[in-house]
file coords_28.cif (mmCIF, C-alpha atoms)
data_entry
#
loop_
_atom_site.label_atom_id
_atom_site.label_comp_id
_atom_site.auth_asym_id
_atom_site.auth_seq_id
_atom_site.Cartn_x
_atom_site.Cartn_y
_atom_site.Cartn_z
CA MET A 5 -42.73 6.82 27.80
CA GLN A 6 -38.96 7.26 27.91
CA ILE A 7 -37.36 6.92 24.48
CA GLN A 8 -34.55 4.36 24.39
CA LYS A 9 -31.86 3.59 21.85
CA PRO A 10 -32.77 1.17 19.01
CA ARG A 11 -32.02 -2.52 19.50
CA GLY A 12 -28.52 -3.42 18.40
CA THR A 13 -27.05 0.03 19.07
CA TYR A 14 -25.23 1.47 22.07
CA ASP A 15 -23.98 4.68 23.62
CA LEU A 16 -20.27 5.32 24.09
CA LEU A 17 -19.95 7.32 27.29
CA PRO A 18 -17.05 9.07 29.01
CA GLY A 19 -15.03 6.40 30.78
CA GLU A 20 -15.47 4.06 27.80
CA ILE A 21 -14.76 6.31 24.82
CA GLU A 22 -11.15 6.87 25.89
CA LEU A 23 -10.18 3.28 25.02
CA TRP A 24 -11.82 3.67 21.62
CA GLN A 25 -9.97 6.92 21.01
CA ALA A 26 -6.67 5.27 21.95
CA PHE A 27 -7.28 2.47 19.45
CA GLU A 28 -8.32 4.91 16.72
CA LYS A 29 -5.12 6.86 17.34
CA ASN A 30 -3.16 3.60 17.05
CA VAL A 31 -4.92 2.78 13.74
CA ARG A 32 -4.22 6.20 12.25
CA ARG A 33 -0.57 6.08 13.31
CA HIS A 34 0.02 2.73 11.60
CA PHE A 35 -1.65 3.81 8.38
CA HIS A 36 0.25 7.10 8.40
CA VAL A 37 3.69 5.51 8.73
CA ALA A 38 2.80 3.07 5.90
CA HIS A 39 1.85 6.05 3.66
CA TYR A 40 -1.93 5.51 3.54
CA THR A 41 -4.32 8.46 3.29
CA GLU A 42 -7.84 8.65 4.72
CA ILE A 43 -11.01 8.46 2.63
CA ARG A 44 -14.57 9.10 3.85
CA THR A 45 -17.53 7.79 1.85
CA PRO A 46 -21.31 8.18 2.43
CA ILE A 47 -22.95 5.95 5.03
CA PHE A 48 -25.64 5.07 2.47
CA GLU A 49 -25.24 4.10 -1.18
CA HIS A 50 -27.41 2.80 -3.99
CA THR A 51 -28.44 -0.78 -3.17
CA GLU A 52 -27.08 -2.02 -6.51
CA LEU A 53 -23.54 -1.17 -5.40
CA PHE A 54 -23.59 -3.82 -2.67
CA VAL A 55 -25.51 -6.39 -4.73
CA ARG A 56 -22.87 -6.14 -7.48
CA GLY A 57 -19.89 -5.42 -5.24
CA VAL A 58 -20.42 -7.64 -2.20
CA GLY A 59 -22.20 -10.45 -4.06
CA GLU A 60 -25.84 -11.48 -4.21
CA THR A 61 -25.09 -14.91 -2.69
CA THR A 62 -23.57 -13.49 0.49
CA ASP A 63 -25.39 -13.46 3.82
CA ILE A 64 -24.90 -9.69 3.90
CA VAL A 65 -26.93 -9.09 0.73
CA GLU A 66 -29.43 -11.91 1.25
CA LYS A 67 -30.23 -11.33 4.92
CA GLU A 68 -28.52 -8.41 6.63
CA MET A 69 -28.74 -5.16 4.66
CA TYR A 70 -30.71 -2.13 5.83
CA ASN A 71 -32.53 -1.15 2.61
CA PHE A 72 -34.97 1.71 2.22
CA VAL A 73 -36.71 3.55 -0.61
CA ASP A 74 -36.29 7.33 -0.60
CA ARG A 75 -38.79 9.94 -1.79
CA GLY A 76 -37.46 9.64 -5.32
CA ASN A 77 -38.33 5.92 -5.28
CA ARG A 78 -34.64 4.98 -5.28
CA SER A 79 -33.47 1.91 -3.37
CA LEU A 80 -30.72 2.91 -0.95
CA THR A 81 -28.77 0.89 1.62
CA LEU A 82 -26.91 1.80 4.80
CA ARG A 83 -23.39 0.59 4.10
CA PRO A 84 -22.78 -2.93 5.50
CA GLU A 85 -19.04 -2.82 4.73
CA GLY A 86 -16.44 -0.37 3.47
CA THR A 87 -14.78 -1.81 0.37
CA ALA A 88 -17.58 -1.35 -2.17
CA GLY A 89 -18.02 2.33 -1.31
CA VAL A 90 -14.28 3.03 -1.49
CA VAL A 91 -14.01 1.32 -4.88
CA ARG A 92 -17.09 3.22 -6.12
CA ALA A 93 -15.43 6.50 -5.08
CA TYR A 94 -12.17 5.43 -6.74
CA VAL A 95 -13.97 4.72 -10.04
CA GLU A 96 -16.38 7.67 -9.95
CA ASN A 97 -13.60 10.17 -9.24
CA LYS A 98 -11.25 8.53 -11.80
CA ARG A 99 -8.41 8.25 -9.33
CA TYR A 100 -6.92 5.51 -11.50
CA GLY A 101 -5.86 8.26 -13.90
CA LYS A 102 -4.21 10.33 -11.17
CA VAL A 103 -2.13 7.87 -9.11
CA ASP A 104 -0.38 4.61 -9.95
CA LEU A 105 -1.04 3.11 -6.52
CA ASP A 106 -3.85 4.40 -4.31
CA LYS A 107 -3.39 3.49 -0.62
CA LEU A 108 -6.56 4.48 1.25
CA TYR A 109 -7.84 3.85 4.78
CA TYR A 110 -11.11 4.53 6.59
CA LEU A 111 -12.83 4.42 9.97
CA GLY A 112 -16.55 4.67 10.56
CA PRO A 113 -19.94 3.11 11.27
CA MET A 114 -21.43 0.22 9.26
CA PHE A 115 -24.90 -1.30 9.52
CA ARG A 116 -26.21 -4.87 9.33
CA TYR A 117 -29.54 -6.25 10.44
CA GLU A 118 -28.64 -9.29 12.51
CA ARG A 119 -29.36 -10.68 15.94
CA PRO A 120 -27.42 -8.61 18.50
CA GLN A 121 -25.00 -10.70 20.56
CA GLY A 122 -21.52 -10.48 22.06
CA GLY A 123 -19.32 -8.46 19.71
CA ARG A 124 -22.13 -8.08 17.14
CA THR A 125 -24.37 -5.03 16.89
CA ARG A 126 -26.58 -3.56 14.18
CA GLN A 127 -24.56 -0.39 14.06
CA PHE A 128 -20.90 -1.26 14.38
CA TYR A 129 -17.58 0.41 13.68
CA GLN A 130 -14.90 -0.72 11.29
CA TYR A 131 -11.41 0.40 10.37
CA GLY A 132 -9.78 -0.80 7.20
CA CYS A 133 -7.83 -0.05 4.06
CA GLU A 134 -7.94 -0.58 0.31
CA VAL A 135 -4.89 -0.53 -1.97
CA LEU A 136 -5.74 -0.16 -5.64
CA GLY A 137 -3.36 -0.51 -8.57
CA SER A 138 -0.97 -3.42 -7.98
CA ASN A 139 -1.02 -7.21 -8.19
CA ALA A 140 2.34 -7.64 -6.42
CA PRO A 141 2.44 -10.41 -3.79
CA GLU A 142 4.75 -8.16 -1.78
CA LEU A 143 1.81 -5.77 -1.43
CA ASP A 144 -0.40 -8.60 -0.19
CA ALA A 145 2.17 -9.31 2.50
CA GLU A 146 2.32 -5.62 3.48
CA VAL A 147 -1.45 -5.40 3.93
CA VAL A 148 -1.62 -8.67 5.88
CA GLN A 149 1.23 -7.51 8.10
CA LEU A 150 -0.49 -4.16 8.68
CA SER A 151 -3.74 -5.86 9.76
CA TYR A 152 -1.74 -7.94 12.25
CA ARG A 153 0.56 -5.15 13.49
CA ILE A 154 -2.27 -2.72 14.31
CA LEU A 155 -3.69 -5.26 16.76
CA ALA A 156 -0.39 -6.52 18.14
CA ASP A 157 0.96 -3.03 18.84
CA PHE A 158 -2.23 -2.16 20.71
CA GLY A 159 -1.24 -4.87 23.18
CA LEU A 160 -3.55 -7.72 22.19
CA GLN A 161 -2.14 -11.18 22.90
CA HIS A 162 -2.17 -14.61 21.21
CA LEU A 163 -2.80 -13.26 17.70
CA GLN A 164 -2.63 -15.55 14.69
CA VAL A 165 -3.05 -14.99 10.94
CA GLU A 166 -5.15 -17.62 9.11
CA LEU A 167 -4.04 -17.57 5.46
CA ASN A 168 -5.38 -19.00 2.21
CA SER A 169 -5.53 -18.42 -1.53
CA VAL A 170 -8.93 -18.62 -3.23
CA GLY A 171 -7.54 -18.75 -6.77
CA CYS A 172 -8.48 -16.74 -9.84
CA SER A 173 -10.63 -16.90 -12.98
CA VAL A 174 -8.36 -19.63 -14.36
CA CYS A 175 -8.32 -22.17 -11.52
CA ARG A 176 -11.64 -21.33 -9.82
CA PRO A 177 -13.90 -22.70 -12.64
CA LEU A 178 -11.98 -25.99 -12.70
CA HIS A 179 -12.26 -26.32 -8.94
CA ARG A 180 -15.95 -25.43 -9.15
CA ASP A 181 -16.63 -28.23 -11.63
CA GLU A 182 -14.74 -30.75 -9.49
CA MET A 183 -16.51 -29.59 -6.34
CA LEU A 184 -19.99 -29.76 -7.91
CA ALA A 185 -19.35 -33.26 -9.21
CA LEU A 186 -18.80 -34.35 -5.61
CA VAL A 187 -21.56 -32.44 -3.79
CA LEU A 188 -24.48 -32.44 -6.25
CA PRO A 189 -25.30 -36.15 -5.77
CA ARG A 190 -25.74 -35.40 -2.03
CA GLN A 191 -27.34 -31.98 -2.55
CA GLU A 192 -30.42 -32.62 -0.40
CA GLU A 193 -28.26 -33.38 2.65
CA PHE A 194 -26.79 -29.86 2.74
CA CYS A 195 -28.50 -26.87 4.34
CA SER A 196 -30.70 -24.57 2.24
CA ASP A 197 -28.00 -21.88 2.13
CA CYS A 198 -25.42 -24.32 0.75
CA GLN A 199 -27.92 -25.59 -1.82
CA ARG A 200 -28.25 -22.03 -3.14
CA ARG A 201 -24.47 -21.59 -3.06
CA MET A 202 -24.07 -24.66 -5.29
CA GLU A 203 -25.82 -22.73 -8.05
CA LYS A 204 -23.96 -19.44 -7.73
CA ASN A 205 -20.71 -19.81 -5.75
CA PRO A 206 -20.04 -23.31 -4.36
CA LEU A 207 -16.69 -22.22 -2.93
CA ARG A 208 -18.60 -20.39 -0.22
CA MET A 209 -19.86 -23.72 1.11
CA PHE A 210 -16.55 -23.85 2.98
CA ASP A 211 -17.77 -20.75 4.85
CA CYS A 212 -20.97 -22.47 6.07
CA LYS A 213 -21.39 -22.53 9.86
CA HIS A 214 -23.48 -25.74 9.94
CA GLU A 215 -21.47 -28.66 11.34
CA ASN A 216 -23.33 -31.12 9.12
CA CYS A 217 -22.28 -29.28 5.96
CA GLN A 218 -18.65 -29.23 7.02
CA ARG A 219 -18.86 -32.93 7.91
CA LEU A 220 -20.24 -33.73 4.44
CA LEU A 221 -17.49 -31.74 2.71
CA THR A 222 -14.89 -33.74 4.65
CA GLU A 223 -16.65 -37.05 4.03
CA LEU A 224 -16.87 -36.36 0.29
CA GLN A 225 -13.17 -35.36 0.28
CA VAL A 226 -13.92 -32.08 -1.44
CA PRO A 227 -10.53 -30.46 -2.14
CA SER A 228 -9.84 -26.94 -0.97
CA ILE A 229 -9.19 -24.33 -3.65
CA ALA A 230 -5.64 -24.04 -2.29
CA GLU A 231 -5.05 -27.62 -3.48
CA ARG A 232 -6.09 -26.72 -7.04
CA LEU A 233 -4.32 -23.41 -7.68
CA CYS A 234 -3.02 -22.68 -11.17
CA ALA A 235 0.73 -22.13 -11.57
CA GLU A 236 0.51 -18.31 -11.37
CA CYS A 237 -1.70 -18.35 -8.25
CA ALA A 238 0.54 -20.93 -6.59
CA GLU A 239 3.65 -18.84 -7.28
CA HIS A 240 1.89 -15.69 -6.02
CA PHE A 241 0.81 -17.45 -2.82
CA THR A 242 4.30 -18.83 -2.16
CA THR A 243 5.80 -15.34 -2.50
CA VAL A 244 3.24 -13.90 -0.09
CA GLN A 245 4.23 -16.48 2.52
CA GLU A 246 7.95 -15.80 2.02
CA HIS A 247 7.45 -12.09 2.67
CA LEU A 248 5.25 -12.67 5.70
CA THR A 249 7.98 -14.86 7.15
CA ALA A 250 10.52 -12.12 6.44
CA MET A 251 8.33 -9.68 8.40
CA SER A 252 7.93 -12.13 11.34
CA VAL A 253 4.16 -12.35 10.96
CA PRO A 254 2.86 -15.54 12.63
CA TYR A 255 0.54 -17.29 10.18
CA GLN A 256 -0.89 -20.72 9.48
CA LEU A 257 -2.47 -22.05 6.30
CA ASN A 258 -6.20 -22.71 6.34
CA GLY A 259 -7.51 -24.23 3.13
CA LYS A 260 -11.15 -23.79 4.20
CA LEU A 261 -10.90 -20.05 4.70
CA VAL A 262 -12.80 -18.33 1.88
CA ARG A 263 -14.18 -15.24 3.69
CA GLY A 264 -17.81 -14.15 3.40
CA LEU A 265 -17.67 -11.95 0.30
CA ASP A 266 -17.87 -12.98 -3.34
CA TYR A 267 -15.32 -10.54 -4.72
CA TYR A 268 -12.14 -12.11 -3.27
CA THR A 269 -9.42 -13.60 -5.51
CA ARG A 270 -6.08 -15.11 -4.54
CA THR A 271 -4.92 -14.05 -1.07
CA ALA A 272 -7.51 -14.19 1.72
CA TRP A 273 -6.81 -14.03 5.45
CA GLU A 274 -8.17 -13.44 8.94
CA VAL A 275 -6.50 -12.26 12.13
CA THR A 276 -7.78 -14.29 15.07
CA THR A 277 -6.92 -14.88 18.71
CA GLU A 278 -7.36 -17.82 21.06
CA GLY A 279 -10.98 -18.35 22.07
CA SER A 280 -12.20 -15.34 20.08
CA SER A 281 -13.92 -14.71 16.79
CA THR A 282 -12.18 -12.99 13.91
CA LEU A 283 -10.78 -9.55 14.74
CA ALA A 284 -9.86 -8.50 11.19
CA GLY A 285 -9.88 -10.03 7.75
CA GLY A 286 -9.42 -9.25 4.12
CA GLY A 287 -8.36 -10.35 0.71
CA ARG A 288 -7.44 -9.51 -2.84
CA TYR A 289 -10.22 -8.54 -5.27
CA ASN A 290 -8.80 -8.24 -8.77
CA GLY A 291 -12.16 -8.15 -10.57
CA LEU A 292 -14.14 -5.78 -8.35
CA ILE A 293 -13.07 -2.46 -9.88
CA LYS A 294 -14.03 -3.68 -13.36
CA GLU A 295 -17.32 -5.08 -12.02
CA LEU A 296 -18.20 -1.63 -10.66
CA GLY A 297 -17.57 0.13 -13.97
CA GLY A 298 -13.88 0.96 -13.78
CA PRO A 299 -10.85 -0.33 -15.65
CA ASP A 300 -9.41 -3.79 -14.98
CA ILE A 301 -7.23 -2.75 -12.03
CA PRO A 302 -6.33 -5.07 -9.11
CA GLY A 303 -7.04 -4.28 -5.49
CA ILE A 304 -6.55 -5.64 -1.99
CA GLY A 305 -7.77 -4.62 1.45
CA PHE A 306 -8.89 -5.60 4.92
CA ALA A 307 -11.30 -4.47 7.62
CA GLY A 308 -11.50 -4.97 11.36
CA GLY A 309 -14.36 -4.65 13.83
CA MET A 310 -13.65 -2.18 16.61
CA GLU A 311 -16.21 -3.64 19.04
CA ARG A 312 -14.41 -6.98 19.12
CA VAL A 313 -11.05 -5.28 19.54
CA ILE A 314 -12.26 -3.20 22.48
CA GLN A 315 -14.00 -6.19 24.06
CA LEU A 316 -10.82 -8.26 23.83
CA ALA A 317 -8.68 -5.37 25.11
CA VAL A 318 -10.86 -5.20 28.22
CA GLU A 319 -10.74 -9.00 28.69
CA GLN A 320 -6.95 -9.07 28.32
CA GLN A 321 -6.58 -5.98 30.52
CA VAL A 322 -4.66 -4.03 27.90
CA TYR A 323 -3.22 -0.97 29.61
CA VAL A 324 -3.83 2.27 27.76
CA PRO A 325 -2.59 5.42 29.52
CA VAL A 326 -5.48 7.87 29.52
CA SER A 327 -5.05 11.30 31.03
CA ASP A 328 -8.20 12.93 32.40
CA SER A 329 -6.32 15.73 34.15
CA ILE A 330 -6.28 19.40 33.26
CA ASP A 331 -3.48 21.93 33.42
CA VAL A 332 -5.26 24.85 35.09
CA TYR A 333 -8.43 25.45 37.07
CA VAL A 334 -9.61 29.07 37.29
CA ALA A 335 -11.38 29.60 40.63
CA VAL A 336 -13.77 32.57 40.80
CA ALA A 337 -14.25 33.98 44.30
CA ASP A 338 -17.15 36.37 43.50
CA ALA A 339 -19.28 37.67 40.64
CA SER A 340 -17.05 40.69 40.02
CA ALA A 341 -14.28 38.34 38.81
CA SER A 342 -16.45 36.38 36.38
CA LEU A 343 -15.68 38.44 33.27
CA PRO A 344 -11.88 38.58 33.91
CA ALA A 345 -12.02 34.81 34.52
CA THR A 346 -13.70 34.27 31.15
CA GLU A 347 -10.99 36.32 29.43
CA LEU A 348 -8.27 34.38 31.28
CA VAL A 349 -9.74 30.97 30.41
CA ALA A 350 -9.97 31.96 26.73
CA ALA A 351 -6.36 33.21 26.71
CA LEU A 352 -5.06 29.99 28.29
CA ARG A 353 -7.02 27.71 25.94
CA ALA A 354 -5.77 29.72 22.97
CA GLU A 355 -2.27 28.60 23.99
CA GLY A 356 -3.36 24.95 24.08
CA ILE A 357 -3.50 24.82 27.89
CA ALA A 358 -6.27 22.53 29.21
CA THR A 359 -8.34 24.82 31.44
CA GLU A 360 -11.64 24.61 33.33
CA ARG A 361 -13.69 26.95 35.53
CA ASP A 362 -16.84 26.89 37.64
CA PHE A 363 -20.22 27.71 36.07
CA ASN A 364 -22.53 26.91 39.01
CA GLY A 365 -21.61 29.59 41.55
CA LYS A 366 -19.91 27.14 43.94
CA SER A 367 -18.01 28.34 46.99
CA LEU A 368 -14.27 28.83 46.69
CA LYS A 369 -13.70 25.81 48.93
CA SER A 370 -15.90 23.66 46.69
CA GLN A 371 -14.08 24.91 43.58
CA LEU A 372 -10.74 23.91 45.07
CA LYS A 373 -12.11 20.42 45.69
CA THR A 374 -13.19 20.26 42.05
CA ALA A 375 -9.73 21.36 40.91
CA ASP A 376 -8.21 18.58 43.01
CA ARG A 377 -10.66 16.00 41.59
CA LEU A 378 -9.72 17.07 38.04
CA HIS A 379 -6.01 16.71 38.91
CA ALA A 380 -5.27 20.30 37.94
CA GLN A 381 -1.62 21.24 38.24
CA TRP A 382 -2.34 24.92 38.95
CA VAL A 383 -5.26 26.86 40.38
CA LEU A 384 -5.64 30.50 39.39
CA LEU A 385 -7.59 32.50 41.99
CA LEU A 386 -9.61 35.54 40.95
CA GLY A 387 -11.73 37.69 43.26
CA GLU A 388 -12.60 41.31 43.85
CA GLN A 389 -9.24 42.06 45.54
CA GLU A 390 -7.16 40.40 42.78
CA VAL A 391 -9.07 42.26 40.05
CA ALA A 392 -8.58 45.59 41.89
CA LYS A 393 -4.82 44.95 42.22
CA GLY A 394 -4.43 43.69 38.63
CA VAL A 395 -3.05 40.33 39.79
CA VAL A 396 -4.02 36.66 39.73
CA GLY A 397 -3.43 34.25 42.60
CA MET A 398 -1.45 31.24 41.36
CA LYS A 399 -1.34 28.03 43.44
CA SER A 400 0.37 24.72 42.77
CA LEU A 401 -1.77 21.84 43.98
CA ALA A 402 1.26 19.55 44.08
CA SER A 403 3.51 21.67 46.31
CA GLY A 404 1.03 24.12 47.85
CA GLU A 405 3.21 27.02 46.63
CA GLN A 406 1.16 30.19 46.15
CA MET A 407 1.98 33.62 44.74
CA ASP A 408 0.41 36.65 43.08
CA VAL A 409 1.28 37.20 39.43
CA PRO A 410 0.52 40.34 37.37
CA ALA A 411 -2.58 39.64 35.26
CA ASP A 412 -0.76 40.43 32.02
CA LYS A 413 2.03 37.98 32.90
CA VAL A 414 0.00 35.01 34.17
CA VAL A 415 -0.40 33.19 30.84
CA ALA A 416 3.35 33.34 30.13
CA THR A 417 4.08 32.27 33.72
CA ILE A 418 1.80 29.22 33.38
CA ILE A 419 3.38 28.27 30.05
CA ASN A 420 6.90 28.41 31.51
CA SER A 421 5.86 26.49 34.64
CA LEU A 422 4.24 23.70 32.64
CA LYS A 423 7.29 23.42 30.38
CA LYS A 424 9.58 22.99 33.40
CA GLU A 425 7.29 20.40 34.99
CA ARG A 426 7.03 18.36 31.79
CA ALA A 427 10.77 18.54 31.19
CA SER A 428 11.45 17.12 34.65
CA GLN A 429 9.06 14.17 34.20
#

call {"tool": "encode", "arguments": {"input": "coords_28.cif", "output": "structure tokens"}}
result
Amino acid sequence: MQIQKPRGTYDLLPGEIELWQAFEKNVRRHFHVAHYTEIRTPIFEHTELFVRGVGETTDIVEKEMYNFVDRGNRSLTLRPEGTAGVVRAYVENKRYGKVDLDKLYYLGPMFRYERPQGGRTRQFYQYGCEVLGSNAPELDAEVVQLSYRILADFGLQHLQVELNSVGCSVCRPLHRDEMLALVLPRQEEFCSDCQRRMEKNPLRMFDCKHENCQRLLTELQVPSIAERLCAECAEHFTTVQEHLTAMSVPYQLNGKLVRGLDYYTRTAWEVTTEGSSTLAGGGRYNGLIKELGGPDIPGIGFAGGMERVIQLAVEQQVYVPVSDSIDVYVAVADASASLPATELVAALRAEGIATERDFNGKSLKSQLKTADRLHAQWVLLLGEQEVAKGVVGMKSLASGEQMDVPADKVVATIINSLKKERASQ
């Protein structure tokens, strides 16, 4: 029986991967110009990291994690998100003692066990960042703007930032008490997930996808956390909005936005587009570093799903210039020229010149067709006569111009020719 890929995974093939590479290049460029450096963490961690870091009441921990026990009887988990691992690395490597502000970004695969559907897979790719060491609202605005700009500059249309504040350890408990006083008398009317959330984190009831639960919250006039912010959180949130306006980031307030993770405090946001699910989202997490064994240092970050970005880019027909052409094709006329052709290909590639040759013993005519299909600018012809004379035939596919060049001069001749052609474009 033919072995197939596991459910919820996919292959990225030539013809598709180029769009992904273009977006990854766009992501890296934006992080670079904003002075972020890359971090790479393991794709599996101790299960406890995500239970403590992501939150035991979240859907991720309760329903979606890929857990396994290794040969040492340790419970390990394929990472379902990036923040917890980055913070673990920050604490374990004591980076808080080396830098005042750590601006880190990542790209890579994540894993969640959920029903595969449009834009959702069991292995998926995320890009994101974490900034550790500052509570400044100006930093919140920078990170929000970065999450928006990466998508906008890739050419995606109709983007909007949904913005909220989810308070802090001062105002959250007061809001919790007020919220519970309203919902507990009607507890049995809410879904089973919301009933569990009432015990551990009632704020996450706003994140419930059941229409009945949202209808009940409206009917009971449960206030959003944004309506009950303490003075410091309110001032912080106002400053964030002022700086987003200054950076021309289109945003709208959404008091029901709480995100799906327990560790968020104060600023929370999502980047959405018309008729699409969330493309990126994030928030501030001032207690997470301490929760994972580090000092009481604030942090903020966001993550985006690459599958949804690519899907939307295809739907919106985002144009990404992708070059599949090569600079030089080395055509081998007979077996006696094979070794000199190998040396020539190696010399050209050593100079950064995109070069290909035939490996299947095709006829010279067939090789020229291949060179044309690959959009080669130059064909270098090598056969028994050229090797005997110490020359290489050099042909421009654009103009048809052809000449013999001394073998020891051909690499320099190609370099100069390509420079002239690129300068005239």

call {"tool": "resolve_selection", "arguments": {"input": "coords_28.cif", "expression": "the PyMOL selection byres ((chain A and resi 349) around 10)", "output": "PyMOL selection string"}}
result
chain A and resi 332-334+343-348+350-354+357-361+384+415

call {"tool": "residues_around", "arguments": {"input": "coords_28.cif", "residues": "segment 303-310 of chain A", "least_positions_apart": "5", "cutoff": "9 Å", "atoms": "all atoms listed in the file", "output": "PyMOL selection string"}}
result
chain A and resi 24+27-28+85-87+91+123+128-139+143-144+147-148+151+268+271+273-275+282-293+315

call {"tool": "closest_residue", "arguments": {"input": "coords_28.cif", "among": "A:Ala235, A:Leu401, A:Ala272, A:Leu188", "to": "Lys260 of chain A", "atoms": "only C-alpha atoms"}}
result
A:Ala272

call {"tool": "resolve_selection", "arguments": {"input": "coords_28.cif", "expression": "the PyMOL selection byres ((chain A and resi 400) around 10)", "output": "list in words"}}
result
Val332, Ala380, Gln381, Trp382, Val383, Leu384, Met398, Lys399, Leu401, Ala402, Ser403, Gly404, Glu405, Gln406, Met407 and Ser421 of chain A

call {"tool": "atom_distance", "arguments": {"input": "coords_28.cif", "atom1": "atom CA of Pro141 of chain A", "atom2": "atom CA of Arg83 of chain A"}}
result
29.2 Å

call {"tool": "resolve_selection", "arguments": {"input": "coords_28.cif", "expression": "the PyMOL selection byres ((chain A and resi 248) around 10)", "output": "list in words"}}
result
Glu142, Asp144, Ala145, Glu146, Val148, Gln149, Thr243, Val244, Gln245, Glu246, His247, Thr249, Ala250, Met251, Ser252, Val253, Pro254 and Tyr255 of chain A

call {"tool": "closest_residue", "arguments": {"input": "coords_28.cif", "among": "A:Val391, A:Ser329, A:Arg33, A:Val174", "to": "Asp376 of chain A", "atoms": "all atoms listed in the file"}}
result
A:Ser329

call {"tool": "atom_distance", "arguments": {"input": "coords_28.cif", "atom1": "atom CA of Ala337 of chain A", "atom2": "atom CA of Pro410 of chain A"}}
result
17.5 Å

call {"tool": "residues_around", "arguments": {"input": "coords_28.cif", "residues": "Phe115 of chain A", "least_positions_apart": "2", "cutoff": "8 Å", "atoms": "all atoms listed in the file", "output": "list in words"}}
result
Met69, Tyr70, Leu82, Arg83, Pro84, Glu85, Pro113, Tyr117, Arg126, Gln127 and Phe128 of chain A

call {"tool": "closest_residue", "arguments": {"input": "coords_28.cif", "among": "A:Leu422, A:Cys237, A:Ile229, A:Ile47", "to": "Leu80 of chain A", "atoms": "only C-alpha atoms"}}
result
A:Ile47

call {"tool": "closest_residue", "arguments": {"input": "coords_28.cif", "among": "A:Arg270, A:His379, A:Lys413, A:Lys9", "to": "Val395 of chain A", "atoms": "only C-alpha atoms"}}
result
A:Lys413

call {"tool": "atom_distance", "arguments": {"input": "coords_28.cif", "atom1": "atom CA of Leu23 of chain A", "atom2": "atom CA of Glu42 of chain A"}}
result
21.1 Å

call {"tool": "closest_residue", "arguments": {"input": "coords_28.cif", "among": "A:Met209, A:Leu17, A:Val95, A:Val313", "to": "Val31 of chain A", "atoms": "only C-alpha atoms"}}
result
A:Val313

call {"tool": "residues_around", "arguments": {"input": "coords_28.cif", "residues": "Ala230 of chain A", "least_positions_apart": "4", "cutoff": "12 Å", "atoms": "all atoms listed in the file", "output": "VMD selection string"}}
result
chain A and resid 167 to 172 175 to 176 179 207 226 234 to 235 237 to 242 257 to 262 269 to 272
